[in-house]
Amino acid sequence: DGQSGQSIELFDTRSRRLLDSVTIPKAWYGLAFDDADQYLYASGGNDNWVVRYSVAGGRLRVVDKYVLGKPWPHPVSPAGIAVDGKAGRLYVVTKFDTCLYVVSTRNKTVLHKIRLASVPYTCLLSKDRKQLYVSVWGGRMVQVYNTADARLTGHIAVGSHPNEMCLSPNGRCLYVANADDNSVSVIDTRKNRVLETLNAALY
């Protein structure tokens, strides 16, 4: 990403070696491997699509594009993404039309488009793939989407400008970084409530 040439770079984490570098016309936040690490999905920014790359022999090759709308100035702009390879679903949140898109990876159609409370940052599937968590950058919350029912089921209040999220290894805790508060909200995923807030400020 940035103001010069934009690219995706593939590294071998064991040898710490750059394997491949490919140009992407436009980029924004959003990268996700599928379950088997055979494909990499990348946000195409204001081109309003998600690009799928095959990952083989240490090389990246474009094999598909999932179109969410007409290119800029049509306001979509995909950001964070999550992939459920078994169900054949691609989840994409968008920063300009503030929606969650659910896309079929098999026939490349948009199955659902759900309006979010405010500008989102990223999304993350629960361990059992039954819930999708969406960090709502503009709304001090994490919205919860039921993947089976295809609907939003509630929200969890967190700090200011929630962005990146990660799950504990057992999936019982969701950690949410709050940019403006210099804090991390720890969420109990069984009850969908905040257990505690960790202070990450220097002072």
# chains A, B, ... in the order shown; residues from 1 in each chain; ligands from 1
call {"tool": "residues_around", "arguments": {"residues": "Ala36 of chain A", "least_positions_apart": "3", "cutoff": "10 Å", "atoms": "only C-alpha atoms", "output": "PyMOL selection string"}}
result
chain A and resi 33+39+85-86
call {"tool": "closest_atom_pairs", "arguments": {"of": "segment 3-95 of chain A", "to": "segment 135-145 of chain A", "cutoff": "12 Å", "atoms": "only C-alpha atoms", "output": "CSV"}}
result
residue,atom,partner,partner_atom,distance
A:Ala79,CA,A:Ser135,CA,11.2
A:Gly80,CA,A:Ser135,CA,9.3
A:Ile81,CA,A:Ser135,CA,11.4
A:Tyr91,CA,A:Tyr145,CA,10.6
A:Val92,CA,A:Ser135,CA,12.0
A:Val93,CA,A:Ser135,CA,9.4
A:Thr94,CA,A:Val136,CA,10.6
A:Lys95,CA,A:Trp137,CA,9.3
call {"tool": "write_last_selection", "arguments": {"atoms": "N, CA and C atoms", "output": "PDB file, in the first residue's frame"}}
result
ATOM      1  N   ALA A  79     -12.229  -3.469   2.690  1.00  0.00           N
ATOM      2  CA  ALA A  79     -11.153  -3.389   3.686  1.00  0.00           C
ATOM      3  C   ALA A  79     -10.887  -4.803   4.207  1.00  0.00           C
ATOM      4  N   GLY A  80     -11.132  -5.056   5.505  1.00  0.00           N
ATOM      5  CA  GLY A  80     -10.831  -6.356   6.089  1.00  0.00           C
ATOM      6  C   GLY A  80     -11.673  -7.479   5.508  1.00  0.00           C
ATOM      7  N   ILE A  81     -11.072  -8.683   5.410  1.00  0.00           N
ATOM      8  CA  ILE A  81     -11.756  -9.825   4.832  1.00  0.00           C
ATOM      9  C   ILE A  81     -11.512 -11.075   5.679  1.00  0.00           C
ATOM     10  N   TYR A  91     -16.125 -13.119   3.371  1.00  0.00           N
ATOM     11  CA  TYR A  91     -16.742 -12.009   4.103  1.00  0.00           C
ATOM     12  C   TYR A  91     -15.866 -10.773   3.923  1.00  0.00           C
ATOM     13  N   VAL A  92     -16.497  -9.671   3.503  1.00  0.00           N
ATOM     14  CA  VAL A  92     -15.756  -8.446   3.202  1.00  0.00           C
ATOM     15  C   VAL A  92     -16.463  -7.259   3.840  1.00  0.00           C
ATOM     16  N   VAL A  93     -15.727  -6.437   4.587  1.00  0.00           N
ATOM     17  CA  VAL A  93     -16.310  -5.187   5.085  1.00  0.00           C
ATOM     18  C   VAL A  93     -15.766  -4.040   4.249  1.00  0.00           C
ATOM     19  N   THR A  94     -16.599  -3.014   4.067  1.00  0.00           N
ATOM     20  CA  THR A  94     -16.242  -1.928   3.156  1.00  0.00           C
ATOM     21  C   THR A  94     -16.299  -0.580   3.867  1.00  0.00           C
ATOM     22  N   LYS A  95     -15.322   0.255   3.566  1.00  0.00           N
ATOM     23  CA  LYS A  95     -15.197   1.496   4.338  1.00  0.00           C
ATOM     24  C   LYS A  95     -16.027   2.666   3.808  1.00  0.00           C
TER      25      LYS A  95
END
call {"tool": "residues_around", "arguments": {"residues": "Leu124 of chain A", "least_positions_apart": "2", "cutoff": "7 Å", "atoms": "only C-alpha atoms", "output": "PyMOL selection string"}}
result
chain A and resi 82+126+132-134
call {"tool": "closest_residue", "arguments": {"among": "A:Asn192, A:Thr13, A:Asn48, A:Ser104", "to": "His155 of chain A", "atoms": "only C-alpha atoms"}}
result
A:Asn192
call {"tool": "residues_around", "arguments": {"residues": "Gln38 of chain A", "least_positions_apart": "2", "cutoff": "8 Å", "atoms": "only C-alpha atoms", "output": "MDAnalysis selection string"}}
result
chainID A and resid 33:36 40 54:56
call {"tool": "write_last_selection", "arguments": {"atoms": "all heavy atoms", "output": "PDB file, in the first residue's frame"}}
result
ATOM      1  N   PHE A  33      -5.540 -15.826   3.930  1.00  0.00           N
ATOM      2  CA  PHE A  33      -5.364 -17.122   3.283  1.00  0.00           C
ATOM      3  C   PHE A  33      -6.619 -17.961   3.489  1.00  0.00           C
ATOM      4  O   PHE A  33      -7.338 -17.784   4.476  1.00  0.00           O
ATOM      5  CB  PHE A  33      -4.161 -17.866   3.884  1.00  0.00           C
ATOM      6  CG  PHE A  33      -2.831 -17.335   3.454  1.00  0.00           C
ATOM      7  CD1 PHE A  33      -2.108 -16.477   4.274  1.00  0.00           C
ATOM      8  CD2 PHE A  33      -2.284 -17.704   2.229  1.00  0.00           C
ATOM      9  CE1 PHE A  33      -0.876 -15.991   3.884  1.00  0.00           C
ATOM     10  CE2 PHE A  33      -1.045 -17.215   1.831  1.00  0.00           C
ATOM     11  CZ  PHE A  33      -0.336 -16.360   2.657  1.00  0.00           C
ATOM     12  N   ASP A  34      -6.855 -18.910   2.564  1.00  0.00           N
ATOM     13  CA  ASP A  34      -7.939 -19.854   2.783  1.00  0.00           C
ATOM     14  C   ASP A  34      -7.477 -20.913   3.787  1.00  0.00           C
ATOM     15  O   ASP A  34      -6.348 -20.890   4.269  1.00  0.00           O
ATOM     16  CB  ASP A  34      -8.397 -20.482   1.466  1.00  0.00           C
ATOM     17  CG  ASP A  34      -7.400 -21.479   0.901  1.00  0.00           C
ATOM     18  OD1 ASP A  34      -6.211 -21.402   1.252  1.00  0.00           O
ATOM     19  OD2 ASP A  34      -7.805 -22.344   0.098  1.00  0.00           O
ATOM     20  N   ASP A  35      -8.358 -21.861   4.105  1.00  0.00           N
ATOM     21  CA  ASP A  35      -8.077 -22.839   5.151  1.00  0.00           C
ATOM     22  C   ASP A  35      -6.832 -23.677   4.867  1.00  0.00           C
ATOM     23  O   ASP A  35      -6.098 -24.043   5.784  1.00  0.00           O
ATOM     24  CB  ASP A  35      -9.285 -23.772   5.335  1.00  0.00           C
ATOM     25  CG  ASP A  35     -10.550 -23.011   5.686  1.00  0.00           C
ATOM     26  OD1 ASP A  35     -10.429 -21.889   6.217  1.00  0.00           O
ATOM     27  OD2 ASP A  35     -11.647 -23.525   5.444  1.00  0.00           O
ATOM     28  N   ALA A  36      -6.587 -23.989   3.608  1.00  0.00           N
ATOM     29  CA  ALA A  36      -5.471 -24.864   3.250  1.00  0.00           C
ATOM     30  C   ALA A  36      -4.239 -24.100   2.763  1.00  0.00           C
ATOM     31  O   ALA A  36      -3.269 -24.711   2.313  1.00  0.00           O
ATOM     32  CB  ALA A  36      -5.918 -25.846   2.171  1.00  0.00           C
ATOM     33  N   LEU A  40      -4.678 -16.953  -1.629  1.00  0.00           N
ATOM     34  CA  LEU A  40      -4.587 -15.718  -0.856  1.00  0.00           C
ATOM     35  C   LEU A  40      -5.588 -14.725  -1.429  1.00  0.00           C
ATOM     36  O   LEU A  40      -5.631 -14.505  -2.647  1.00  0.00           O
ATOM     37  CB  LEU A  40      -3.173 -15.133  -0.947  1.00  0.00           C
ATOM     38  CG  LEU A  40      -2.961 -13.767  -0.283  1.00  0.00           C
ATOM     39  CD1 LEU A  40      -3.091 -13.873   1.233  1.00  0.00           C
ATOM     40  CD2 LEU A  40      -1.608 -13.170  -0.674  1.00  0.00           C
ATOM     41  N   SER A  54      -3.542 -17.788  -6.461  1.00  0.00           N
ATOM     42  CA  SER A  54      -3.120 -19.136  -6.094  1.00  0.00           C
ATOM     43  C   SER A  54      -1.722 -19.032  -5.489  1.00  0.00           C
ATOM     44  O   SER A  54      -0.930 -18.152  -5.858  1.00  0.00           O
ATOM     45  CB  SER A  54      -3.103 -20.058  -7.315  1.00  0.00           C
ATOM     46  OG  SER A  54      -2.131 -19.621  -8.258  1.00  0.00           O
ATOM     47  N   VAL A  55      -1.433 -19.905  -4.524  1.00  0.00           N
ATOM     48  CA  VAL A  55      -0.119 -19.931  -3.877  1.00  0.00           C
ATOM     49  C   VAL A  55       0.468 -21.311  -4.147  1.00  0.00           C
ATOM     50  O   VAL A  55       0.049 -22.308  -3.557  1.00  0.00           O
ATOM     51  CB  VAL A  55      -0.235 -19.694  -2.361  1.00  0.00           C
ATOM     52  CG1 VAL A  55       1.146 -19.633  -1.730  1.00  0.00           C
ATOM     53  CG2 VAL A  55      -1.012 -18.416  -2.062  1.00  0.00           C
ATOM     54  N   ALA A  56       1.434 -21.362  -5.071  1.00  0.00           N
ATOM     55  CA  ALA A  56       2.028 -22.654  -5.443  1.00  0.00           C
ATOM     56  C   ALA A  56       3.476 -22.441  -5.861  1.00  0.00           C
ATOM     57  O   ALA A  56       3.783 -21.497  -6.607  1.00  0.00           O
ATOM     58  CB  ALA A  56       1.239 -23.302  -6.582  1.00  0.00           C
TER      59      ALA A  56
END
call {"tool": "residues_around", "arguments": {"residues": "Asn170 of chain A", "least_positions_apart": "3", "cutoff": "10 Å", "atoms": "only C-alpha atoms", "output": "VMD selection string"}}
result
chain A and resid 127 167 173
call {"tool": "closest_residue", "arguments": {"among": "A:Val119, A:Leu125, A:Ile114, A:Val62", "to": "Leu90 of chain A", "atoms": "only C-alpha atoms"}}
result
A:Leu125
call {"tool": "select_by_dssp", "arguments": {"residues": "chain A", "states": "strand (DSSP E or B)", "output": "PyMOL selection string"}}
result
chain A and resi 7-12+17-23+31-33+39-43+49-56+59-67+78-84+89-94+99-104+110-115+122-125+131-136+141-146+151-157+162-167+173-178+183-188+193-199
call {"tool": "atom_distance", "arguments": {"atom1": "atom CA of Leu18 of chain A", "atom2": "atom CA of Asp64 of chain A"}}
result
23.5 Å
call {"tool": "residues_around", "arguments": {"residues": "Leu31 of chain A", "least_positions_apart": "2", "cutoff": "7 Å", "atoms": "only C-alpha atoms", "output": "PyMOL selection string"}}
result
chain A and resi 29+41-43+81
call {"tool": "closest_atom_pairs", "arguments": {"of": "segment 105-172 of chain A", "to": "segment 65-70 of chain A", "cutoff": "9 Å", "atoms": "only C-alpha atoms", "output": "Markdown table"}}
result
| residue | atom | partner | partner_atom | distance |
| --- | --- | --- | --- | --- |
| A:Thr105 | CA | A:Tyr66 | CA | 8.0 |
| A:Lys108 | CA | A:Tyr66 | CA | 5.8 |
| A:Thr109 | CA | A:Tyr66 | CA | 7.8 |
| A:Val110 | CA | A:Leu68 | CA | 7.3 |
call {"tool": "atom_distance", "arguments": {"atom1": "atom CA of Tyr175 of chain A", "atom2": "atom CA of Thr189 of chain A"}}
result
10.0 Å
call {"tool": "atom_distance", "arguments": {"atom1": "atom CA of Arg16 of chain A", "atom2": "atom CA of Arg59 of chain A"}}
result
15.3 Å
call {"tool": "residues_around", "arguments": {"residues": "Leu198 of chain A", "least_positions_apart": "6", "cutoff": "12 Å", "atoms": "only C-alpha atoms", "output": "list of chain:residue names"}}
result
A:Val158, A:Gly159, A:Tyr175, A:Val176, A:Ala177, A:Asn178, A:Asp181, A:Asn182, A:Ser183, A:Val184, A:Ser185, A:Val186, A:Ile187
call {"tool": "closest_residue", "arguments": {"among": "A:Val50, A:Ala157, A:Leu111, A:Leu195", "to": "Leu174 of chain A", "atoms": "only C-alpha atoms"}}
result
A:Leu195
